[in-house]
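Structure file structure11.pdb (PDB, C-alpha atoms) is printed below.
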```
ATOM      1  CA  MET X   1       0.000   0.000   0.000
ATOM      2  CA  SER X   2       1.463   3.374  -0.962
ATOM      3  CA  PHE X   3       1.063   6.648   0.907
ATOM      4  CA  THR X   4      -0.713   9.543  -0.792
ATOM      5  CA  SER X   5      -0.541  12.892   0.955
ATOM      6  CA  HIS X   6      -3.567  15.157   0.853
ATOM      7  CA  MET X   7      -1.697  18.156   2.229
ATOM      8  CA  ALA X   8      -2.007  19.974  -1.131
ATOM      9  CA  ALA X   9      -5.793  20.070  -0.631
ATOM     10  CA  ALA X  10      -5.338  21.408   2.913
ATOM     11  CA  LEU X  11      -2.912  24.042   1.599
ATOM     12  CA  ALA X  12      -5.499  25.118  -0.991
ATOM     13  CA  GLU X  13      -8.014  25.604   1.832
ATOM     14  CA  ALA X  14      -5.424  27.605   3.782
ATOM     15  CA  GLU X  15      -4.748  29.847   0.777
ATOM     16  CA  ALA X  16      -8.478  30.472   0.368
ATOM     17  CA  ALA X  17      -8.778  31.316   4.071
ATOM     18  CA  GLY X  18      -5.935  33.825   3.760
ATOM     19  CA  GLU X  19      -7.620  35.438   0.760
ATOM     20  CA  ARG X  20     -10.745  35.893   2.935
ATOM     21  CA  GLY X  21      -8.631  37.662   5.573
ATOM     22  CA  GLU X  22      -8.592  34.678   7.903
ATOM     23  CA  VAL X  23      -5.424  33.177   9.368
ATOM     24  CA  PRO X  24      -4.387  30.821   6.543
ATOM     25  CA  VAL X  25      -5.016  27.389   8.013
ATOM     26  CA  GLY X  26      -6.686  24.628   6.035
ATOM     27  CA  ALA X  27      -7.807  21.092   6.801
ATOM     28  CA  VAL X  28      -9.175  18.071   4.992
ATOM     29  CA  ILE X  29     -10.564  14.809   6.291
ATOM     30  CA  VAL X  30      -9.821  11.750   4.225
ATOM     31  CA  GLY X  31     -11.838   8.571   4.498
ATOM     32  CA  PRO X  32     -11.232   4.984   3.479
ATOM     33  CA  GLY X  33      -9.924   4.669  -0.047
ATOM     34  CA  GLY X  34      -8.311   8.099   0.099
ATOM     35  CA  VAL X  35     -11.516  10.025  -0.610
ATOM     36  CA  ILE X  36     -11.693  13.562   0.770
ATOM     37  CA  LEU X  37     -14.876  13.675   2.830
ATOM     38  CA  ALA X  38     -14.621  17.239   4.150
ATOM     39  CA  ARG X  39     -12.489  20.327   3.652
ATOM     40  CA  ALA X  40     -12.371  23.663   5.403
ATOM     41  CA  GLY X  41     -10.324  26.746   6.100
ATOM     42  CA  ASN X  42     -10.423  29.024   9.111
ATOM     43  CA  ARG X  43     -13.609  31.120   9.343
ATOM     44  CA  THR X  44     -13.404  32.602  12.842
ATOM     45  CA  ARG X  45     -13.771  36.207  11.668
ATOM     46  CA  GLU X  46     -16.335  35.509   8.968
ATOM     47  CA  LEU X  47     -18.584  33.547  11.320
ATOM     48  CA  ASN X  48     -17.756  35.535  14.474
ATOM     49  CA  ASP X  49     -17.016  32.182  16.058
ATOM     50  CA  PRO X  50     -13.780  31.532  17.966
ATOM     51  CA  THR X  51     -14.288  27.782  17.469
ATOM     52  CA  ALA X  52     -14.460  28.014  13.653
ATOM     53  CA  HIS X  53     -10.931  26.682  13.175
ATOM     54  CA  ALA X  54     -10.300  24.692   9.998
ATOM     55  CA  GLU X  55     -10.047  21.415  11.916
ATOM     56  CA  MET X  56     -13.288  21.981  13.812
ATOM     57  CA  LEU X  57     -15.202  22.882  10.651
ATOM     58  CA  ALA X  58     -13.829  19.871   8.771
ATOM     59  CA  ILE X  59     -14.659  17.507  11.641
ATOM     60  CA  ARG X  60     -18.212  18.903  11.872
ATOM     61  CA  ALA X  61     -18.716  18.543   8.114
ATOM     62  CA  ALA X  62     -17.337  14.989   8.022
ATOM     63  CA  CYS X  63     -19.489  13.885  10.965
ATOM     64  CA  ALA X  64     -22.562  15.455   9.364
ATOM     65  CA  ALA X  65     -21.823  13.739   6.040
ATOM     66  CA  LEU X  66     -21.485  10.365   7.766
ATOM     67  CA  GLY X  67     -24.285  10.896  10.272
ATOM     68  CA  ALA X  68     -21.877   9.818  13.008
ATOM     69  CA  GLU X  69     -19.897  11.414  15.814
ATOM     70  CA  ARG X  70     -16.785   9.321  15.268
ATOM     71  CA  LEU X  71     -14.318   9.254  12.391
ATOM     72  CA  THR X  72     -12.416   6.108  13.346
ATOM     73  CA  ASP X  73     -11.214   5.198   9.849
ATOM     74  CA  HIS X  74     -10.442   8.765   8.816
ATOM     75  CA  ASP X  75      -7.330  10.895   8.642
ATOM     76  CA  LEU X  76      -6.971  14.637   9.138
ATOM     77  CA  TYR X  77      -4.515  16.779   7.203
ATOM     78  CA  VAL X  78      -4.050  20.293   8.565
ATOM     79  CA  THR X  79      -1.509  22.926   7.631
ATOM     80  CA  LEU X  80      -0.740  24.019  11.224
ATOM     81  CA  GLU X  81      -0.277  22.070  14.440
ATOM     82  CA  PRO X  82      -3.717  21.919  16.079
ATOM     83  CA  CYS X  83      -4.405  24.082  19.127
ATOM     84  CA  PRO X  84      -5.553  22.396  22.362
ATOM     85  CA  MET X  85      -9.249  22.849  21.451
ATOM     86  CA  CYS X  86      -8.781  21.188  18.071
ATOM     87  CA  ALA X  87      -6.548  18.449  19.488
ATOM     88  CA  ALA X  88      -9.298  17.581  21.981
ATOM     89  CA  ALA X  89     -11.890  17.491  19.172
ATOM     90  CA  ILE X  90      -9.590  15.221  17.140
ATOM     91  CA  SER X  91      -9.425  12.875  20.115
ATOM     92  CA  PHE X  92     -13.194  12.969  20.720
ATOM     93  CA  ALA X  93     -13.845  12.253  17.021
ATOM     94  CA  ARG X  94     -11.438   9.283  17.193
ATOM     95  CA  ILE X  95      -9.514  10.451  14.108
ATOM     96  CA  ARG X  96      -7.145   7.652  13.075
ATOM     97  CA  ARG X  97      -4.182   9.724  11.874
ATOM     98  CA  LEU X  98      -3.230  13.382  12.140
ATOM     99  CA  TYR X  99      -0.866  14.879   9.576
ATOM    100  CA  TYR X 100       0.155  18.489  10.099
ATOM    101  CA  GLY X 101       2.489  20.903   8.389
ATOM    102  CA  ALA X 102       3.940  23.761  10.430
ATOM    103  CA  SER X 103       4.511  23.520  14.153
ATOM    104  CA  ASP X 104       2.950  26.190  16.373
ATOM    105  CA  PRO X 105       5.230  27.089  19.290
ATOM    106  CA  LYS X 106       2.812  29.816  20.456
ATOM    107  CA  SER X 107      -0.568  28.058  20.375
ATOM    108  CA  GLY X 108       0.029  24.413  19.477
ATOM    109  CA  GLY X 109      -1.578  21.651  21.485
ATOM    110  CA  VAL X 110       0.079  18.513  20.093
ATOM    111  CA  ALA X 111       3.876  18.786  20.278
ATOM    112  CA  GLN X 112       3.900  22.226  21.927
ATOM    113  CA  GLY X 113       2.081  23.736  24.885
ATOM    114  CA  ALA X 114      -0.722  21.597  26.288
ATOM    115  CA  ARG X 115       0.341  18.369  24.502
ATOM    116  CA  VAL X 116      -3.242  17.133  24.707
ATOM    117  CA  PHE X 117      -2.528  13.614  23.447
ATOM    118  CA  SER X 118       0.020  12.935  26.196
ATOM    119  CA  HIS X 119      -2.475  13.322  29.067
ATOM    120  CA  ALA X 120      -3.951  10.312  30.816
ATOM    121  CA  GLN X 121      -7.401  11.903  30.415
ATOM    122  CA  CYS X 122      -7.114  11.871  26.617
ATOM    123  CA  HIS X 123      -9.806   9.549  25.249
ATOM    124  CA  HIS X 124      -8.015   8.596  22.035
ATOM    125  CA  VAL X 125      -4.557   9.277  20.634
ATOM    126  CA  PRO X 126      -4.259   9.354  16.853
ATOM    127  CA  GLU X 127      -1.079   8.479  15.021
ATOM    128  CA  VAL X 128       0.650  11.841  14.539
ATOM    129  CA  TYR X 129       2.905  12.833  11.625
ATOM    130  CA  ASP X 130       4.326  16.336  11.622
ATOM    131  CA  GLY X 131       6.217  18.402   9.089
ATOM    132  CA  ILE X 132       4.107  17.265   6.106
ATOM    133  CA  GLY X 133       4.208  20.191   3.669
ATOM    134  CA  GLU X 134       5.835  22.332   6.371
ATOM    135  CA  PRO X 135       7.745  24.748   4.086
ATOM    136  CA  ALA X 136       4.625  25.763   2.153
ATOM    137  CA  ALA X 137       2.411  25.928   5.255
ATOM    138  CA  ALA X 138       4.941  28.004   7.194
ATOM    139  CA  ALA X 139       5.450  30.356   4.238
ATOM    140  CA  LEU X 140       1.697  31.011   3.987
ATOM    141  CA  LEU X 141       1.538  31.942   7.654
ATOM    142  CA  ARG X 142       4.733  34.009   7.580
ATOM    143  CA  ASP X 143       3.601  35.986   4.534
ATOM    144  CA  PHE X 144       0.116  36.539   5.970
ATOM    145  CA  PHE X 145       1.385  37.973   9.242
ATOM    146  CA  LYS X 146       4.116  39.977   7.524
ATOM    147  CA  ALA X 147       1.448  41.670   5.380
ATOM    148  CA  LYS X 148      -0.694  42.302   8.488
ATOM    149  CA  ARG X 149       2.205  44.022  10.267
ATOM    150  CA  LYS X 150       2.740  46.304   7.248
ATOM    151  CA  SER X 151      -0.896  47.431   7.097
TER     152      SER X 151
END
```
The structure in this file should be written as C-alpha cells.
Amino acid sequence: MSFTSHMAAALAEAEAAGERGEVPVGAVIVGPGGVILARAGNRTRELNDPTAHAEMLAIRAACAALGAERLTDHDLYVTLEPCPMCAAAISFARIRRLYYGASDPKSGGVAQGARVFSHAQCHHVPEVYDGIGEPAAAALLRDFFKAKRKS
C-alpha cells in the first residue's frame, strides 16, 4: 500500500482562508480509499465564532456527512499544528491519523504547549505525523502575518 498525501488540498483551503482575511489554516478529512470527505479553512472572523478553526469545521462537516460522531477510519490533514481545542476534538472524534504541516510554538496543542494527546485523560490518541508540507504551510503563515504588520 502506498502513501498519498492530501496536504495539497489542505494548503489550498489555507490559501483560500488567507484570501478571505482569515489566518491561513486549512484542513481536509480523508476517508477509506483516500476520498476527501470534508475540507475547510479558518472562518473565525467571517462567522464571528472563535471555534471556527479549519479542523473543527472539517470535523463537523465529516461527521454530518457520515451521520456519526466518530471518524475512526479517517485521517486529518491540517496545515498548522492543532491548538488544544482542536486536538481535543480530534481525540473525541477518534480520528485515526493526524498529519500536520507547520509547528505552532505559540498556540500548538500537540507537540507544543498543552500536549493534549500525552495526558492520561485523553480519550483517544491518533497516530501523529508532523512536518508534512511544512515549508509551504509556514510560508503562507509568515507571509500573511508579515502583510498584516505592514498594514
Go through region 57-146 of chain X residue by residue and, counting all atoms listed in the file, keep those with an atom at most 9 Å from region 5-24 of chain X; for each kept residue give the shortest atom pair and its distance in Å to one decimal, ordered by chain and increasing number, as CSV.
```
residue,atom,partner,partner_atom,distance
X:Leu76,CA,X:His6,CA,9.0
X:Tyr77,CA,X:Met7,CA,5.9
X:Val78,CA,X:Ala10,CA,5.9
X:Thr79,CA,X:Ala10,CA,6.3
X:Tyr99,CA,X:Met7,CA,8.1
X:Tyr100,CA,X:Met7,CA,8.1
X:Gly101,CA,X:Met7,CA,7.9
X:Ile132,CA,X:Met7,CA,7.0
X:Gly133,CA,X:Met7,CA,6.4
X:Ala136,CA,X:Leu11,CA,7.8
X:Ala137,CA,X:Leu11,CA,6.7
X:Leu140,CA,X:Pro24,CA,6.6
X:Leu141,CA,X:Pro24,CA,6.1
X:Phe144,CA,X:Gly18,CA,7.0
X:Phe145,CA,X:Val23,CA,8.3
```
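Coordinates place CA of Ala65 (chain X) at a distance of 16.2 Å from CA of Gly33 (chain X).
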- request: Can you turn the PyMOL selection byres ((chain X and resi 125) around 9) into a concrete residue list for this file, as a VMD selection string?
  value: chain X and resid 90 to 91 94 to 97 116 to 118 122 to 124 126 to 128
Give me the box for region 101-120 of chain X as AutoDock Vina command-line options, namely the centre and edge lengths in Å to one decimal of a box along x, y and z that holds every listed atom plus 3 Å on each side.
```
--center_x 0.6 --center_y 20.1 --center_z 19.6 --size_x 15.2 --size_y 25.5 --size_z 28.4
```
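The gap separating CA of Leu57 (chain X) from CA of Gly108 (chain X) is 17.7 Å, in Å to one decimal.
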query: Quick one: residues within 9 Å of Met85 (chain X), only C-alpha atoms counted, chain neighbours fewer than 2 positions away excluded, as a PyMOL selection string?
result: chain X and resi 51+56+82-83+87-90+109+116
Kindly save the residues from that selection, with C-alpha atoms included, as a compact mmCIF listing (two decimals), in the coordinates of the input.
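Output file selection26.txt follows:
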```txt
# COMPACT_ATOMS: atom_id res chain seq x y z
CA THR X 51 -14.29 27.78 17.47
CA MET X 56 -13.29 21.98 13.81
CA PRO X 82 -3.72 21.92 16.08
CA CYS X 83 -4.40 24.08 19.13
CA ALA X 87 -6.55 18.45 19.49
CA ALA X 88 -9.30 17.58 21.98
CA ALA X 89 -11.89 17.49 19.17
CA ILE X 90 -9.59 15.22 17.14
CA GLY X 109 -1.58 21.65 21.48
CA VAL X 116 -3.24 17.13 24.71
```
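In this structure, CA of Gly131 (chain X) sits 17.2 Å away from CA of Gly113 (chain X).
The smallest atom-to-atom distance between Ile59 (chain X) and any of X:Leu37, X:Leu80, X:Leu47, X:Ala147, using all atoms listed in the file, is found for X:Leu37.
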